[in-house]
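Report on the following structure.
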Amino acid sequence: MDNDAVYAHARDFLSRVPLLSSDPEDCLRQGAGSSRPAVTLTFAQSLDGKISRVDRRLLLSGEESSAMTHRLRAIHDGILVGIGTVLFDDPQLSVRLLPVSELSDVRHPQPIVLDSKLRTPLTARLLTGPQSNPRLHPPWIVTGPGYDRQRRVELERAGARVVVVDDCDESGHPRLTAITAALRRLGIRRLMVEGGARVIQSFLESQLVDVLIVTIAPVLVGSSGVPAVAASAMDSLAITPLSYEPFGRDIVMAATIQHVSAHK
């Protein structure tokens, strides 16, 4: 498949997911109002449900499904990952796999990192990238009130914005409801969540996810892999597919989630 066809396929697939093609306010759960962004949770997994290896990076998405992911990034205001993803993968979280004619006008999403201990390296590409490319956004780093003051100064000097959320759990981690409310106040209307495993699990349990997009790669990882979803959560989640189809060697599914326990 040539690049033009790959990009067209990605655009067509996402345009047929109603909750992504409509105004983000329309896809918020009843009662949520405008207190949080519309949330899309997305990740790639192996056939046996693993998103990475314990000891090294694991590239699961093929060319076609990667183009879909970058198209998905382009329609979101913000893209959120956990500090583990930053330390392990050093991602850019930018939009690159689009037609050349669109790249000059593309709106890169705002990178957001959940980092309660402010461990984001000063050499991370999220910080160094915007220094050489002004069209990229320096990251927002979300932490709780117990953060290291000196580390905050260092990160802000490197270009980051530290967002302090006071509502935390017993471990000192900001609660997702408070995080998403803070991001909405900062102008994020549509939020894309990419991982890693703890972040995926937390959002699945939070009842904050409006759209779920999963790429399934024809790979078996085995016992050395990190599961996308903990077994304890599987009984309480019901998936309602909206659309699914092949992207090259991969299968991509768009769906909504119901929390079974909430409807008993």
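By convention in this document, the chains of the structure tokens carry letters A, B, ... by their order, each chain's residues are numbered from 1, and ligands are numbered from 1 in the order they are shown.
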Residues near Val209 (chain A), cut-off 7 Å, only C-alpha atoms, skip fewer than 3 positions along chain, as a list in words:
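Neighbouring residues, sequence-local ones excluded: Val39, Thr40, Leu41, Phe203 and Leu204 of chain A.
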Any chance you can output those residues with C-alpha atoms as an mmCIF file, in the first residue's frame?
data_model
loop_
_atom_site.group_PDB
_atom_site.id
_atom_site.type_symbol
_atom_site.label_atom_id
_atom_site.label_comp_id
_atom_site.auth_asym_id
_atom_site.auth_seq_id
_atom_site.Cartn_x
_atom_site.Cartn_y
_atom_site.Cartn_z
ATOM 1 C CA VAL A 39 -10.909 11.085 26.689
ATOM 2 C CA THR A 40 -9.593 8.650 24.085
ATOM 3 C CA LEU A 41 -7.546 5.768 25.463
ATOM 4 C CA PHE A 203 -7.984 5.199 33.159
ATOM 5 C CA LEU A 204 -9.854 1.959 32.494
#
Could you name the residues that touch Arg184 (chain A) at 9 Å or less, counting only C-alpha atoms, but leaving out those on the same chain fewer than 5 positions away, as a count of residues only?
7
Closest of A:Ala160, A:Met68, A:Leu114, A:Ala228 to Pro174 (chain A), counting only C-alpha atoms, is A:Leu114
Can you tell me, as an NGL selection string, what residues are no more than 8 Å from Leu47 (chain A) when counting only C-alpha atoms, ignoring any on the same chain fewer than 2 positions away?
:A and (45 or 49-50 or 216-220)
Resulting file, chosen residues, N, CA, C and O atoms, as a short mmCIF file (atom, residue, chain, number, x, y, z; two decimals), in the first residue's frame:
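Contents of out-v4.cif, as written:
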data_model
loop_
_atom_site.label_atom_id
_atom_site.label_comp_id
_atom_site.auth_asym_id
_atom_site.auth_seq_id
_atom_site.Cartn_x
_atom_site.Cartn_y
_atom_site.Cartn_z
N GLN A 45 -1.25 -3.67 21.35
CA GLN A 45 -0.96 -4.86 22.14
C GLN A 45 -0.71 -6.05 21.24
O GLN A 45 -1.09 -6.07 20.06
N GLY A 49 -2.09 -9.96 24.55
CA GLY A 49 -2.48 -8.88 25.42
C GLY A 49 -1.36 -8.12 26.10
O GLY A 49 -1.59 -7.47 27.12
N LYS A 50 -0.14 -8.14 25.53
CA LYS A 50 1.00 -7.45 26.13
C LYS A 50 1.30 -6.17 25.35
O LYS A 50 1.21 -6.15 24.12
N ILE A 216 -4.12 -4.32 17.52
CA ILE A 216 -3.72 -5.69 17.87
C ILE A 216 -2.75 -6.18 16.80
O ILE A 216 -3.10 -6.28 15.62
N ALA A 217 -1.51 -6.45 17.23
CA ALA A 217 -0.47 -6.88 16.31
C ALA A 217 -0.34 -8.40 16.34
O ALA A 217 -0.52 -9.02 17.40
N PRO A 218 -0.03 -9.04 15.19
CA PRO A 218 0.09 -10.50 15.12
C PRO A 218 1.42 -10.99 15.70
O PRO A 218 2.28 -11.55 15.01
N VAL A 219 1.58 -10.73 17.00
CA VAL A 219 2.82 -11.06 17.71
C VAL A 219 2.46 -11.71 19.03
O VAL A 219 1.48 -11.31 19.67
N LEU A 220 3.23 -12.71 19.44
CA LEU A 220 3.10 -13.31 20.77
C LEU A 220 4.33 -12.93 21.58
O LEU A 220 5.46 -13.15 21.15
#
Identify, with DSSP run on backbone atoms, the residues in region 46-119 of chain A assigned to strand (DSSP E), and express the list as a VMD selection string.
chain A and resid 50 to 53 78 to 82 110 to 114
Residue contacts of Pro99 (chain A) (8 Å, only C-alpha atoms) excluding same-chain residues fewer than 2 positions away, as a list in words
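Once the adjacent positions are removed, what remains is Asn3, Asp4, Tyr7, Leu97, Ser101, Glu102 and Leu103 of chain A.
By only C-alpha atoms, and with residues fewer than 2 positions from Thr120 (chain A) along its chain excluded, the set lying at most 10 Å from it is A:Gly82, A:Ile83, A:Gly84, A:Val86, A:Leu87, A:Asp90, A:Val113, A:Leu114, A:Asp115, A:Ser116, A:Lys117, A:Leu118, A:Leu122, A:Thr123, A:Ala124, A:Leu126, A:Leu127, A:Pro139, A:Ile141, A:Arg151, A:Leu155, A:Ala160.
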Would you mind exporting N, CA and C atoms of the selected residues as a CSV table (one decimal), in the first residue's frame?
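Output contents, as saved in result.csv:
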chain,number,residue,atom,x,y,z
A,82,GLY,N,2.5,8.4,31.2
A,82,GLY,CA,3.1,8.4,32.5
A,82,GLY,C,4.6,8.5,32.4
A,83,ILE,N,5.2,8.8,33.6
A,83,ILE,CA,6.6,9.0,33.6
A,83,ILE,C,7.4,7.7,33.2
A,84,GLY,N,6.8,6.6,33.4
A,84,GLY,CA,7.5,5.3,33.0
A,84,GLY,C,7.7,5.3,31.5
A,86,VAL,N,8.0,7.9,29.6
A,86,VAL,CA,9.1,8.9,29.2
A,86,VAL,C,10.5,8.3,29.5
A,87,LEU,N,10.6,7.6,30.7
A,87,LEU,CA,11.9,7.1,31.0
A,87,LEU,C,12.3,5.9,30.2
A,90,ASP,N,11.4,7.5,25.8
A,90,ASP,CA,11.8,8.8,25.4
A,90,ASP,C,11.0,9.3,24.2
A,113,VAL,N,2.7,14.8,31.0
A,113,VAL,CA,3.3,13.7,31.7
A,113,VAL,C,2.8,13.6,33.1
A,114,LEU,N,2.4,12.5,33.5
A,114,LEU,CA,2.1,12.3,34.9
A,114,LEU,C,3.3,11.9,35.7
A,115,ASP,N,3.8,12.8,36.5
A,115,ASP,CA,5.2,12.6,37.1
A,115,ASP,C,5.2,13.2,38.5
A,116,SER,N,4.7,12.4,39.5
A,116,SER,CA,4.5,13.0,40.8
A,116,SER,C,5.8,13.3,41.5
A,117,LYS,N,6.9,12.6,41.1
A,117,LYS,CA,8.2,12.9,41.7
A,117,LYS,C,9.2,13.7,40.8
A,118,LEU,N,8.6,14.3,39.7
A,118,LEU,CA,9.4,15.1,38.8
A,118,LEU,C,10.7,14.5,38.3
A,122,LEU,N,16.0,16.1,32.0
A,122,LEU,CA,16.2,17.3,31.3
A,122,LEU,C,16.6,17.1,29.9
A,123,THR,N,17.1,15.9,29.6
A,123,THR,CA,17.5,15.5,28.2
A,123,THR,C,16.4,14.8,27.4
A,124,ALA,N,15.2,14.7,28.0
A,124,ALA,CA,14.1,14.0,27.4
A,124,ALA,C,13.8,14.8,26.1
A,126,LEU,N,11.0,15.3,24.9
A,126,LEU,CA,9.9,16.2,25.1
A,126,LEU,C,10.3,17.6,25.5
A,127,LEU,N,11.5,17.7,26.1
A,127,LEU,CA,12.1,19.0,26.4
A,127,LEU,C,13.0,19.6,25.4
A,139,PRO,N,6.5,20.2,27.3
A,139,PRO,CA,5.5,19.4,28.1
A,139,PRO,C,4.9,20.1,29.3
A,141,ILE,N,3.9,19.0,33.0
A,141,ILE,CA,4.3,17.9,33.9
A,141,ILE,C,3.4,18.0,35.1
A,151,ARG,N,13.8,20.8,41.8
A,151,ARG,CA,13.6,20.0,40.5
A,151,ARG,C,12.6,20.8,39.7
A,155,LEU,N,13.2,22.0,35.8
A,155,LEU,CA,12.3,21.6,34.7
A,155,LEU,C,11.7,22.9,34.0
A,160,ALA,N,9.6,23.3,30.6
A,160,ALA,CA,8.3,22.6,31.0
A,160,ALA,C,7.4,23.5,31.8
Please give the complete set of residues from region 58-226 of chain A that DSSP, run on the backbone, assigns to helix (DSSP H, G or I), formatted as a PyMOL selection string.
chain A and resi 63-74+83-89+100-103+125-132+149-157+176-185+197-206+222-224
Write out as a count of residues only which residues come within 6 Å of region 247-262 of chain A when counting only C-alpha atoms, dropping same-chain ones fewer than 2 positions away.
20
Nearest to Ala8 (chain A): which of A:Leu80, A:Leu176, A:Val226, A:Ala67 is it, counting only C-alpha atoms?
A:Ala67
